[in-house]
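Peer 1: Mind looking over this structure? Questions follow.
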Amino acid sequence: MTDEGWWDVGDNFEPTRPKSGLQCPHLHMRGTHWTSKMTLTDPRLLTALSMALATGLSLTACDPTTPTGPIDPDTDADSDMDSDTEMDSDTDSSTTAMDFNLDQICASDQWLEFVQLASPVDSLHLRSTENYGESGVTSDVWSSGTACATATDSQACLAELDLTWPESSGWGYCGQGCTDSGLVTTSGDDVALYDSTAEVNALFGSIDTPADALFLAVTQEYQPDCYSVVFTPESKWRMTATILISDCEWTEEVRDIEISMTGETTVLEVLEVISDGSCAGRLPDGIAAIGTVCGDAVARHLAHLAWLEGAAVVAFERLAVDLQRLGAPAQLVERALAAAQDEVDHASRMGALAATYGVAVPSVDVAPHQERSLFEVALENAVEGCVRETYGVVDALYRSKQAPSAEIRALFERIAADETRHSALSFDIAAWANPLLSPTDALTIATAAHAAHHALKSELQGERPDVVQHQLGAPSAAAAVAMADTLRVQLAA
């Protein structure tokens, strides 16, 4: 660390009466003069990180829901239906819906195996198209039946099938490219594409099986909980389903929805709003929101973490350019460039882990870099480095202890070690920049960092899905907020 630290304007901030406390950098303000609070050998950052981690782990140890052993990544749902999720026994037993075993459907890798179509077809295909600029990558995700089995000209039918793929109207997501999904059928000489909810609804006809209802929810970009499905006395399919509503901070809504047998979807209630807090970290100026990511909660969380690591690459590269132009010490420039290389490694490793869950990491889209003043660089460094990235160190440390997999623990341990250096760099940059700023600019930065801490806490208060906590060792909302508060207090001491 340098011979200077960071300051805080406190919870009862009065713009006309600055007082000492926490914020970036660790400096205490007395009138218009700065006094040193951190020496070159002062272990305060490491102590603060250790104390924050201990706080989170102590809360976790008191939580009876905390897993004590490895969790199978393929078993994130309870397969035993209780009385709340069983089909209503009072429903007319002659209804087609009652003829299906929900356990069997939910245990399947593909709900399409159990859907009932309005009319028979020779073959049914689930297809996707991912576009990378002008080129497209197509894949048959799943199929059943024999393509063109009853066609009078099977070769012509098969040729048309080869050309029939979902386009921009399909359901899907945008990551490194934009993926669109759709259903394709062959029936006699006809090849048909169904790549919208309305078209899939027409293909299914009456929504009279759990699989019909589940898949129709998927076409609306819901992630339904299969075992939650019930068939109501009003002849509607009711289920719990999660849908992404915001990219960054990553926010999802868990909704109670109902799908009628004619295919209308109604949101009955928003049961929970989930924010995974994974916007902690250093983001560059001009960054666009993350693209939509498909997959289960764990896959989406990993993809978002990998995207954040990729964003940090750009942030550090730009920081190095700005520092050099502003005449910062060469060692700060070199450390920023080294940090960018660390983030390349993090993004690669996290992206590879996300890929094992079958999800692509969205591209990082950033507006062209504009020349920034010392104030602008210091402001970004305070918010993104001293606040958000420093909390990211504690988050990674926590996961390195709590993740059930040795592979995941090792990955977060590696990331935590690198991010600790990055956090120290943030404080060193602040210590260099602050003596060069006017008192007004310094106070503005202190206020912004104070606000960033409270914004971070607000994000962390959103509870993560249990499966993300169990499989990736993520802290609960209570543990995350407590760690952020402890870190703040310790660094202000």
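Every chain in the structure tokens takes a letter, A first, then B, and so on in the order presented; its residues are numbered from 1, and the ligands are numbered from 1 following the presented order.
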Please return as a PDB file with N, CA and C atoms, in the first residue's frame: the residues of stretch 105-310 of chain A that backbone DSSP assigns to strand (DSSP E or B).
Peer 2:
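Everything below was put into result_27.pdb:
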ATOM      1  N   SER A 123     -42.232 -35.349 -38.294  1.00  0.00           N
ATOM      2  CA  SER A 123     -41.089 -35.078 -37.414  1.00  0.00           C
ATOM      3  C   SER A 123     -41.244 -33.715 -36.768  1.00  0.00           C
ATOM      4  N   LEU A 124     -40.645 -33.583 -35.594  1.00  0.00           N
ATOM      5  CA  LEU A 124     -40.650 -32.335 -34.841  1.00  0.00           C
ATOM      6  C   LEU A 124     -39.218 -32.023 -34.456  1.00  0.00           C
ATOM      7  N   HIS A 125     -38.773 -30.788 -34.721  1.00  0.00           N
ATOM      8  CA  HIS A 125     -37.384 -30.397 -34.485  1.00  0.00           C
ATOM      9  C   HIS A 125     -37.341 -29.110 -33.662  1.00  0.00           C
ATOM     10  N   LEU A 126     -36.496 -29.088 -32.645  1.00  0.00           N
ATOM     11  CA  LEU A 126     -36.177 -27.854 -31.932  1.00  0.00           C
ATOM     12  C   LEU A 126     -34.853 -27.369 -32.486  1.00  0.00           C
ATOM     13  N   ARG A 127     -34.861 -26.178 -33.104  1.00  0.00           N
ATOM     14  CA  ARG A 127     -33.682 -25.677 -33.782  1.00  0.00           C
ATOM     15  C   ARG A 127     -33.288 -24.301 -33.259  1.00  0.00           C
ATOM     16  N   SER A 128     -32.001 -24.000 -33.367  1.00  0.00           N
ATOM     17  CA  SER A 128     -31.531 -22.674 -32.969  1.00  0.00           C
ATOM     18  C   SER A 128     -30.572 -22.135 -34.017  1.00  0.00           C
ATOM     19  N   THR A 129     -30.560 -20.816 -34.114  1.00  0.00           N
ATOM     20  CA  THR A 129     -29.638 -20.117 -35.006  1.00  0.00           C
ATOM     21  C   THR A 129     -28.933 -19.041 -34.200  1.00  0.00           C
ATOM     22  N   GLU A 130     -27.622 -19.062 -34.195  1.00  0.00           N
ATOM     23  CA  GLU A 130     -26.857 -18.026 -33.507  1.00  0.00           C
ATOM     24  C   GLU A 130     -26.097 -17.234 -34.546  1.00  0.00           C
ATOM     25  N   ASN A 131     -26.343 -15.930 -34.565  1.00  0.00           N
ATOM     26  CA  ASN A 131     -25.749 -15.057 -35.574  1.00  0.00           C
ATOM     27  C   ASN A 131     -24.558 -14.313 -35.016  1.00  0.00           C
ATOM     28  N   TYR A 132     -23.441 -14.411 -35.681  1.00  0.00           N
ATOM     29  CA  TYR A 132     -22.220 -13.675 -35.352  1.00  0.00           C
ATOM     30  C   TYR A 132     -21.955 -12.730 -36.522  1.00  0.00           C
ATOM     31  N   SER A 135     -22.434 -14.066 -40.253  1.00  0.00           N
ATOM     32  CA  SER A 135     -22.433 -15.528 -40.312  1.00  0.00           C
ATOM     33  C   SER A 135     -23.361 -16.088 -39.258  1.00  0.00           C
ATOM     34  N   GLY A 136     -23.950 -17.242 -39.531  1.00  0.00           N
ATOM     35  CA  GLY A 136     -24.859 -17.875 -38.591  1.00  0.00           C
ATOM     36  C   GLY A 136     -24.421 -19.293 -38.292  1.00  0.00           C
ATOM     37  N   VAL A 137     -24.596 -19.694 -37.055  1.00  0.00           N
ATOM     38  CA  VAL A 137     -24.286 -21.062 -36.644  1.00  0.00           C
ATOM     39  C   VAL A 137     -25.603 -21.709 -36.265  1.00  0.00           C
ATOM     40  N   THR A 138     -25.951 -22.791 -36.944  1.00  0.00           N
ATOM     41  CA  THR A 138     -27.233 -23.450 -36.709  1.00  0.00           C
ATOM     42  C   THR A 138     -27.024 -24.793 -36.037  1.00  0.00           C
ATOM     43  N   SER A 139     -28.012 -25.212 -35.255  1.00  0.00           N
ATOM     44  CA  SER A 139     -27.914 -26.521 -34.608  1.00  0.00           C
ATOM     45  C   SER A 139     -29.295 -27.099 -34.370  1.00  0.00           C
ATOM     46  N   ASP A 140     -29.388 -28.410 -34.563  1.00  0.00           N
ATOM     47  CA  ASP A 140     -30.583 -29.157 -34.208  1.00  0.00           C
ATOM     48  C   ASP A 140     -30.449 -29.522 -32.743  1.00  0.00           C
ATOM     49  N   VAL A 141     -31.214 -28.888 -31.893  1.00  0.00           N
ATOM     50  CA  VAL A 141     -31.121 -29.131 -30.463  1.00  0.00           C
ATOM     51  C   VAL A 141     -31.751 -30.463 -30.087  1.00  0.00           C
ATOM     52  N   TRP A 142     -32.873 -30.769 -30.730  1.00  0.00           N
ATOM     53  CA  TRP A 142     -33.607 -32.001 -30.400  1.00  0.00           C
ATOM     54  C   TRP A 142     -34.564 -32.293 -31.554  1.00  0.00           C
ATOM     55  N   SER A 143     -34.834 -33.566 -31.786  1.00  0.00           N
ATOM     56  CA  SER A 143     -35.801 -33.923 -32.822  1.00  0.00           C
ATOM     57  C   SER A 143     -36.438 -35.261 -32.501  1.00  0.00           C
ATOM     58  N   SER A 144     -37.600 -35.499 -33.072  1.00  0.00           N
ATOM     59  CA  SER A 144     -38.289 -36.787 -32.930  1.00  0.00           C
ATOM     60  C   SER A 144     -38.991 -37.101 -34.236  1.00  0.00           C
ATOM     61  N   GLY A 145     -39.280 -38.380 -34.450  1.00  0.00           N
ATOM     62  CA  GLY A 145     -39.935 -38.799 -35.679  1.00  0.00           C
ATOM     63  C   GLY A 145     -38.959 -38.952 -36.817  1.00  0.00           C
ATOM     64  N   TRP A 171     -37.595 -17.136 -30.035  1.00  0.00           N
ATOM     65  CA  TRP A 171     -37.251 -16.806 -28.657  1.00  0.00           C
ATOM     66  C   TRP A 171     -35.789 -17.170 -28.426  1.00  0.00           C
ATOM     67  N   GLY A 172     -35.130 -16.490 -27.511  1.00  0.00           N
ATOM     68  CA  GLY A 172     -33.722 -16.802 -27.274  1.00  0.00           C
ATOM     69  C   GLY A 172     -33.037 -15.710 -26.506  1.00  0.00           C
ATOM     70  N   TYR A 173     -31.776 -15.419 -26.858  1.00  0.00           N
ATOM     71  CA  TYR A 173     -30.974 -14.455 -26.108  1.00  0.00           C
ATOM     72  C   TYR A 173     -29.892 -13.899 -27.006  1.00  0.00           C
ATOM     73  N   CYS A 174     -29.282 -12.814 -26.557  1.00  0.00           N
ATOM     74  CA  CYS A 174     -28.125 -12.245 -27.237  1.00  0.00           C
ATOM     75  C   CYS A 174     -26.926 -12.344 -26.329  1.00  0.00           C
ATOM     76  N   CYS A 178     -26.580 -13.382 -31.351  1.00  0.00           N
ATOM     77  CA  CYS A 178     -27.969 -13.487 -30.905  1.00  0.00           C
ATOM     78  C   CYS A 178     -28.512 -14.843 -31.316  1.00  0.00           C
ATOM     79  N   THR A 179     -29.030 -15.598 -30.349  1.00  0.00           N
ATOM     80  CA  THR A 179     -29.556 -16.922 -30.596  1.00  0.00           C
ATOM     81  C   THR A 179     -31.072 -16.875 -30.621  1.00  0.00           C
ATOM     82  N   ASP A 180     -31.632 -17.445 -31.667  1.00  0.00           N
ATOM     83  CA  ASP A 180     -33.085 -17.545 -31.805  1.00  0.00           C
ATOM     84  C   ASP A 180     -33.460 -19.015 -31.931  1.00  0.00           C
ATOM     85  N   SER A 181     -34.513 -19.409 -31.211  1.00  0.00           N
ATOM     86  CA  SER A 181     -34.971 -20.793 -31.228  1.00  0.00           C
ATOM     87  C   SER A 181     -36.352 -20.878 -31.842  1.00  0.00           C
ATOM     88  N   GLY A 182     -36.678 -22.046 -32.356  1.00  0.00           N
ATOM     89  CA  GLY A 182     -37.987 -22.268 -32.947  1.00  0.00           C
ATOM     90  C   GLY A 182     -38.216 -23.745 -33.174  1.00  0.00           C
ATOM     91  N   LEU A 183     -39.445 -24.107 -33.464  1.00  0.00           N
ATOM     92  CA  LEU A 183     -39.809 -25.484 -33.782  1.00  0.00           C
ATOM     93  C   LEU A 183     -40.044 -25.601 -35.286  1.00  0.00           C
ATOM     94  N   VAL A 184     -39.622 -26.721 -35.852  1.00  0.00           N
ATOM     95  CA  VAL A 184     -39.834 -27.010 -37.269  1.00  0.00           C
ATOM     96  C   VAL A 184     -40.499 -28.377 -37.364  1.00  0.00           C
ATOM     97  N   THR A 185     -41.506 -28.490 -38.223  1.00  0.00           N
ATOM     98  CA  THR A 185     -42.162 -29.781 -38.430  1.00  0.00           C
ATOM     99  C   THR A 185     -42.114 -30.157 -39.907  1.00  0.00           C
ATOM    100  N   THR A 186     -42.142 -31.462 -40.153  1.00  0.00           N
ATOM    101  CA  THR A 186     -42.400 -31.957 -41.502  1.00  0.00           C
ATOM    102  C   THR A 186     -43.662 -32.800 -41.432  1.00  0.00           C
ATOM    103  N   SER A 187     -44.521 -32.615 -42.414  1.00  0.00           N
ATOM    104  CA  SER A 187     -45.776 -33.368 -42.498  1.00  0.00           C
ATOM    105  C   SER A 187     -46.131 -33.509 -43.964  1.00  0.00           C
ATOM    106  N   ASP A 190     -44.992 -30.844 -46.588  1.00  0.00           N
ATOM    107  CA  ASP A 190     -44.910 -29.526 -45.963  1.00  0.00           C
ATOM    108  C   ASP A 190     -43.820 -29.469 -44.887  1.00  0.00           C
ATOM    109  N   VAL A 191     -43.066 -28.377 -44.913  1.00  0.00           N
ATOM    110  CA  VAL A 191     -42.095 -28.057 -43.866  1.00  0.00           C
ATOM    111  C   VAL A 191     -42.530 -26.713 -43.271  1.00  0.00           C
ATOM    112  N   ALA A 192     -42.737 -26.676 -41.959  1.00  0.00           N
ATOM    113  CA  ALA A 192     -43.281 -25.468 -41.334  1.00  0.00           C
ATOM    114  C   ALA A 192     -42.405 -25.031 -40.163  1.00  0.00           C
ATOM    115  N   LEU A 193     -42.270 -23.716 -40.012  1.00  0.00           N
ATOM    116  CA  LEU A 193     -41.491 -23.119 -38.921  1.00  0.00           C
ATOM    117  C   LEU A 193     -42.437 -22.447 -37.937  1.00  0.00           C
ATOM    118  N   TYR A 194     -42.220 -22.703 -36.641  1.00  0.00           N
ATOM    119  CA  TYR A 194     -43.006 -22.083 -35.574  1.00  0.00           C
ATOM    120  C   TYR A 194     -42.007 -21.421 -34.618  1.00  0.00           C
ATOM    121  N   GLN A 223     -38.182 -19.217 -17.206  1.00  0.00           N
ATOM    122  CA  GLN A 223     -37.513 -20.430 -16.744  1.00  0.00           C
ATOM    123  C   GLN A 223     -38.449 -21.063 -15.706  1.00  0.00           C
ATOM    124  N   PRO A 224     -39.367 -21.940 -16.147  1.00  0.00           N
ATOM    125  CA  PRO A 224     -40.369 -22.462 -15.211  1.00  0.00           C
ATOM    126  C   PRO A 224     -39.813 -23.553 -14.306  1.00  0.00           C
ATOM    127  N   VAL A 230     -49.295 -27.117 -11.316  1.00  0.00           N
ATOM    128  CA  VAL A 230     -50.553 -27.707 -10.865  1.00  0.00           C
ATOM    129  C   VAL A 230     -51.619 -27.386 -11.900  1.00  0.00           C
ATOM    130  N   PHE A 231     -52.602 -28.271 -11.992  1.00  0.00           N
ATOM    131  CA  PHE A 231     -53.739 -28.053 -12.877  1.00  0.00           C
ATOM    132  C   PHE A 231     -54.914 -27.648 -12.002  1.00  0.00           C
ATOM    133  N   LYS A 236     -56.709 -24.511 -15.694  1.00  0.00           N
ATOM    134  CA  LYS A 236     -55.553 -23.718 -16.087  1.00  0.00           C
ATOM    135  C   LYS A 236     -54.301 -24.311 -15.460  1.00  0.00           C
ATOM    136  N   TRP A 237     -53.181 -24.097 -16.136  1.00  0.00           N
ATOM    137  CA  TRP A 237     -51.897 -24.565 -15.630  1.00  0.00           C
ATOM    138  C   TRP A 237     -51.251 -23.444 -14.821  1.00  0.00           C
ATOM    139  N   ARG A 238     -50.987 -23.715 -13.564  1.00  0.00           N
ATOM    140  CA  ARG A 238     -50.379 -22.725 -12.694  1.00  0.00           C
ATOM    141  C   ARG A 238     -48.977 -23.194 -12.334  1.00  0.00           C
ATOM    142  N   MET A 239     -48.011 -22.272 -12.354  1.00  0.00           N
ATOM    143  CA  MET A 239     -46.625 -22.655 -12.084  1.00  0.00           C
ATOM    144  C   MET A 239     -45.841 -21.453 -11.582  1.00  0.00           C
ATOM    145  N   THR A 240     -44.703 -21.736 -10.992  1.00  0.00           N
ATOM    146  CA  THR A 240     -43.739 -20.704 -10.621  1.00  0.00           C
ATOM    147  C   THR A 240     -42.687 -20.635 -11.714  1.00  0.00           C
ATOM    148  N   ALA A 241     -42.378 -19.435 -12.179  1.00  0.00           N
ATOM    149  CA  ALA A 241     -41.411 -19.274 -13.266  1.00  0.00           C
ATOM    150  C   ALA A 241     -40.595 -18.010 -13.040  1.00  0.00           C
ATOM    151  N   THR A 242     -39.342 -18.061 -13.454  1.00  0.00           N
ATOM    152  CA  THR A 242     -38.419 -16.943 -13.288  1.00  0.00           C
ATOM    153  C   THR A 242     -38.174 -16.286 -14.637  1.00  0.00           C
ATOM    154  N   ILE A 243     -38.125 -14.966 -14.634  1.00  0.00           N
ATOM    155  CA  ILE A 243     -37.864 -14.241 -15.882  1.00  0.00           C
ATOM    156  C   ILE A 243     -36.897 -13.094 -15.606  1.00  0.00           C
ATOM    157  N   LEU A 244     -35.952 -12.888 -16.507  1.00  0.00           N
ATOM    158  CA  LEU A 244     -34.975 -11.805 -16.374  1.00  0.00           C
ATOM    159  C   LEU A 244     -35.648 -10.483 -16.720  1.00  0.00           C
ATOM    160  N   ILE A 245     -35.509  -9.492 -15.839  1.00  0.00           N
ATOM    161  CA  ILE A 245     -36.111  -8.183 -16.111  1.00  0.00           C
ATOM    162  C   ILE A 245     -35.078  -7.074 -16.219  1.00  0.00           C
ATOM    163  N   SER A 246     -33.840  -7.327 -15.773  1.00  0.00           N
ATOM    164  CA  SER A 246     -32.787  -6.317 -15.861  1.00  0.00           C
ATOM    165  C   SER A 246     -31.439  -7.016 -15.953  1.00  0.00           C
ATOM    166  N   THR A 251     -31.152  -8.743 -12.435  1.00  0.00           N
ATOM    167  CA  THR A 251     -32.362  -8.832 -11.626  1.00  0.00           C
ATOM    168  C   THR A 251     -33.388  -9.717 -12.310  1.00  0.00           C
ATOM    169  N   GLU A 252     -33.940 -10.621 -11.548  1.00  0.00           N
ATOM    170  CA  GLU A 252     -34.974 -11.518 -12.046  1.00  0.00           C
ATOM    171  C   GLU A 252     -36.204 -11.422 -11.154  1.00  0.00           C
ATOM    172  N   GLU A 253     -37.352 -11.735 -11.730  1.00  0.00           N
ATOM    173  CA  GLU A 253     -38.577 -11.862 -10.957  1.00  0.00           C
ATOM    174  C   GLU A 253     -39.028 -13.310 -10.949  1.00  0.00           C
ATOM    175  N   VAL A 254     -39.362 -13.794  -9.777  1.00  0.00           N
ATOM    176  CA  VAL A 254     -39.996 -15.104  -9.655  1.00  0.00           C
ATOM    177  C   VAL A 254     -41.497 -14.836  -9.620  1.00  0.00           C
ATOM    178  N   ARG A 255     -42.194 -15.366 -10.589  1.00  0.00           N
ATOM    179  CA  ARG A 255     -43.610 -15.060 -10.742  1.00  0.00           C
ATOM    180  C   ARG A 255     -44.476 -16.307 -10.608  1.00  0.00           C
ATOM    181  N   ASP A 256     -45.657 -16.096 -10.108  1.00  0.00           N
ATOM    182  CA  ASP A 256     -46.702 -17.104 -10.135  1.00  0.00           C
ATOM    183  C   ASP A 256     -47.521 -16.813 -11.382  1.00  0.00           C
ATOM    184  N   ILE A 257     -47.451 -17.718 -12.373  1.00  0.00           N
ATOM    185  CA  ILE A 257     -48.150 -17.471 -13.632  1.00  0.00           C
ATOM    186  C   ILE A 257     -49.171 -18.563 -13.890  1.00  0.00           C
ATOM    187  N   GLU A 258     -50.111 -18.257 -14.775  1.00  0.00           N
ATOM    188  CA  GLU A 258     -51.160 -19.197 -15.121  1.00  0.00           C
ATOM    189  C   GLU A 258     -51.292 -19.216 -16.634  1.00  0.00           C
ATOM    190  N   ILE A 259     -51.368 -20.411 -17.213  1.00  0.00           N
ATOM    191  CA  ILE A 259     -51.539 -20.557 -18.655  1.00  0.00           C
ATOM    192  C   ILE A 259     -52.827 -21.335 -18.895  1.00  0.00           C
ATOM    193  N   SER A 260     -53.731 -20.724 -19.639  1.00  0.00           N
ATOM    194  CA  SER A 260     -55.009 -21.378 -19.912  1.00  0.00           C
ATOM    195  C   SER A 260     -54.833 -22.457 -20.961  1.00  0.00           C
ATOM    196  N   THR A 265     -51.425 -16.426 -21.198  1.00  0.00           N
ATOM    197  CA  THR A 265     -50.584 -16.420 -20.003  1.00  0.00           C
ATOM    198  C   THR A 265     -50.919 -15.209 -19.145  1.00  0.00           C
ATOM    199  N   THR A 266     -51.129 -15.449 -17.850  1.00  0.00           N
ATOM    200  CA  THR A 266     -51.465 -14.387 -16.913  1.00  0.00           C
ATOM    201  C   THR A 266     -50.472 -14.403 -15.756  1.00  0.00           C
ATOM    202  N   VAL A 267     -49.924 -13.231 -15.413  1.00  0.00           N
ATOM    203  CA  VAL A 267     -49.069 -13.112 -14.236  1.00  0.00           C
ATOM    204  C   VAL A 267     -49.978 -12.876 -13.034  1.00  0.00           C
ATOM    205  N   LEU A 268     -50.008 -13.834 -12.102  1.00  0.00           N
ATOM    206  CA  LEU A 268     -50.864 -13.727 -10.932  1.00  0.00           C
ATOM    207  C   LEU A 268     -50.208 -12.919  -9.823  1.00  0.00           C
ATOM    208  N   GLU A 269     -48.910 -13.103  -9.651  1.00  0.00           N
ATOM    209  CA  GLU A 269     -48.218 -12.441  -8.544  1.00  0.00           C
ATOM    210  C   GLU A 269     -46.715 -12.493  -8.768  1.00  0.00           C
ATOM    211  N   VAL A 270     -46.029 -11.438  -8.380  1.00  0.00           N
ATOM    212  CA  VAL A 270     -44.568 -11.455  -8.330  1.00  0.00           C
ATOM    213  C   VAL A 270     -44.185 -11.928  -6.941  1.00  0.00           C
ATOM    214  N   LEU A 271     -43.623 -13.128  -6.866  1.00  0.00           N
ATOM    215  CA  LEU A 271     -43.320 -13.744  -5.578  1.00  0.00           C
ATOM    216  C   LEU A 271     -42.022 -13.227  -4.976  1.00  0.00           C
ATOM    217  N   GLU A 272     -41.073 -12.897  -5.832  1.00  0.00           N
ATOM    218  CA  GLU A 272     -39.747 -12.496  -5.328  1.00  0.00           C
ATOM    219  C   GLU A 272     -39.013 -11.744  -6.419  1.00  0.00           C
ATOM    220  N   VAL A 273     -38.248 -10.757  -6.004  1.00  0.00           N
ATOM    221  CA  VAL A 273     -37.340 -10.062  -6.909  1.00  0.00           C
ATOM    222  C   VAL A 273     -35.928 -10.440  -6.490  1.00  0.00           C
ATOM    223  N   ILE A 274     -35.161 -11.001  -7.419  1.00  0.00           N
ATOM    224  CA  ILE A 274     -33.838 -11.528  -7.104  1.00  0.00           C
ATOM    225  C   ILE A 274     -32.776 -10.705  -7.826  1.00  0.00           C
ATOM    226  N   SER A 275     -31.834 -10.184  -7.075  1.00  0.00           N
ATOM    227  CA  SER A 275     -30.665  -9.537  -7.650  1.00  0.00           C
ATOM    228  C   SER A 275     -29.447 -10.281  -7.132  1.00  0.00           C
ATOM    229  N   ILE A 287     -19.972   1.495 -21.083  1.00  0.00           N
ATOM    230  CA  ILE A 287     -20.324   0.103 -21.314  1.00  0.00           C
ATOM    231  C   ILE A 287     -21.827  -0.048 -21.525  1.00  0.00           C
TER     232      ILE A 287
END
Peer 1: Identify, with DSSP run on backbone atoms, the residues in stretch 196-264 of chain A assigned to alpha helix (DSSP H), and express the list as a PyMOL selection string.
Peer 2: chain A and resi 197-204+210-218
Peer 1: Can I get the selection written as a compact mmCIF listing (two decimals), in the first residue's frame, with N, CA and C atoms?
Peer 2:
# COMPACT_ATOMS: atom_id res chain seq x y z
N THR A 197 -44.42 -17.41 -29.87
CA THR A 197 -45.32 -18.03 -28.91
C THR A 197 -46.67 -18.34 -29.54
N ALA A 198 -47.19 -17.42 -30.33
CA ALA A 198 -48.50 -17.62 -30.96
C ALA A 198 -48.46 -18.81 -31.92
N GLU A 199 -47.38 -18.94 -32.67
CA GLU A 199 -47.29 -20.05 -33.62
C GLU A 199 -47.14 -21.39 -32.90
N VAL A 200 -46.34 -21.41 -31.83
CA VAL A 200 -46.20 -22.65 -31.05
C VAL A 200 -47.54 -23.01 -30.41
N ASN A 201 -48.27 -22.01 -29.95
CA ASN A 201 -49.58 -22.25 -29.38
C ASN A 201 -50.49 -22.90 -30.41
N ALA A 202 -50.45 -22.42 -31.64
CA ALA A 202 -51.27 -23.01 -32.70
C ALA A 202 -50.83 -24.44 -33.00
N LEU A 203 -49.54 -24.69 -32.97
CA LEU A 203 -49.02 -26.04 -33.21
C LEU A 203 -49.50 -27.01 -32.14
N PHE A 204 -49.51 -26.56 -30.90
CA PHE A 204 -49.95 -27.43 -29.81
C PHE A 204 -51.46 -27.58 -29.77
N PRO A 210 -48.95 -30.90 -18.99
CA PRO A 210 -47.97 -30.05 -18.31
C PRO A 210 -46.83 -29.64 -19.23
N ALA A 211 -46.42 -30.55 -20.12
CA ALA A 211 -45.31 -30.24 -21.02
C ALA A 211 -45.69 -29.13 -21.98
N ASP A 212 -46.94 -29.14 -22.47
CA ASP A 212 -47.39 -28.06 -23.35
C ASP A 212 -47.25 -26.71 -22.65
N ALA A 213 -47.73 -26.65 -21.39
CA ALA A 213 -47.71 -25.40 -20.64
C ALA A 213 -46.28 -24.96 -20.33
N LEU A 214 -45.43 -25.89 -19.94
CA LEU A 214 -44.05 -25.57 -19.61
C LEU A 214 -43.31 -25.01 -20.83
N PHE A 215 -43.49 -25.66 -21.97
CA PHE A 215 -42.75 -25.22 -23.15
C PHE A 215 -43.29 -23.90 -23.66
N LEU A 216 -44.61 -23.68 -23.54
CA LEU A 216 -45.16 -22.41 -23.96
C LEU A 216 -44.58 -21.28 -23.09
N ALA A 217 -44.35 -21.55 -21.81
CA ALA A 217 -43.71 -20.56 -20.93
C ALA A 217 -42.29 -20.27 -21.41
N VAL A 218 -41.57 -21.30 -21.83
CA VAL A 218 -40.20 -21.14 -22.31
C VAL A 218 -40.16 -20.21 -23.53
Peer 1: Identify which of the residues A:Leu491, A:Met350, A:Cys226, A:Ala303 lies closest to A:Leu102, counting only C-alpha atoms when measuring atom-to-atom distances.
Peer 2: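 Ranked by minimum distance to A:Leu102, first place goes to A:Cys226.
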Peer 1: Which residue out of A:Ala416, A:Ala479, A:Leu158, A:Ala378 has the minimum interatomic distance to A:Asp322 when only C-alpha atoms are used?
Peer 2: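 Checking each of A:Ala416, A:Ala479, A:Leu158, A:Ala378 against A:Asp322, counting only C-alpha atoms, the winner is A:Ala378.
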Peer 1: Taking 4 positions as the minimum chain separation for residues in the same chain, which residues sit within 8 Å of A:Val467 when counting only C-alpha atoms? Answer as a count of residues only.
Peer 2: 5
Peer 1: Could you please determine the separation between atom CA of A:Ala52 and atom CA of A:Pro435 in Å, to one decimal place?
Peer 2: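 Computing the Euclidean distance for atom CA of A:Ala52 and atom CA of A:Pro435 yields 29.1 Å.
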Peer 1: Using atom CA of A:Asp485 and atom CA of A:Tyr391 as the two end points, give the distance in Å to one decimal.
Peer 2: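 Spanning atom CA of A:Asp485 to atom CA of A:Tyr391 is a straight-line distance of 9.7 Å.
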Peer 1: Calculated over only C-alpha atoms, which of the candidates A:Thr47, A:Ser196, A:Ser228, A:Gln469 has the smallest distance to A:Val489?
Peer 2: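 Nearest candidate to A:Val489 out of A:Thr47, A:Ser196, A:Ser228, A:Gln469: A:Thr47.
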Peer 1: Calculated over only C-alpha atoms, which of the candidates A:Ile290, A:Val359, A:Ile415, A:Val377 has the smallest distance to A:Ala315?
Peer 2: A:Val377
Peer 1: Quick check, in Å to one decimal: how far apart do atom CA of A:Ala433 and atom CA of A:Arg372 lie?
Peer 2: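 Between atom CA of A:Ala433 and atom CA of A:Arg372 the gap works out to 13.4 Å.
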Peer 1: Which residue, A:Ser400, A:Ser58, A:Thr209, A:Thr390, has the smallest gap to A:Ile105 when you use only C-alpha atoms?
Peer 2: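 Looking at the shortest contact to A:Ile105, the residue is A:Thr209.
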Peer 1: What lies within 8 Å of A:Ala149 using only C-alpha atoms, ignoring chain neighbours under 4 positions off, as JSON, numbers by chain?
Peer 2: {"A": [122, 154, 187, 188]}
Peer 1: List the neighbours of A:Ala478 out to 12 Å using only C-alpha atoms; skip same-chain residues closer than 2 positions along the sequence, and give me the result as a ChimeraX atom specification.
Peer 2: /A:55-60,62-63,457-464,474-476,480-485
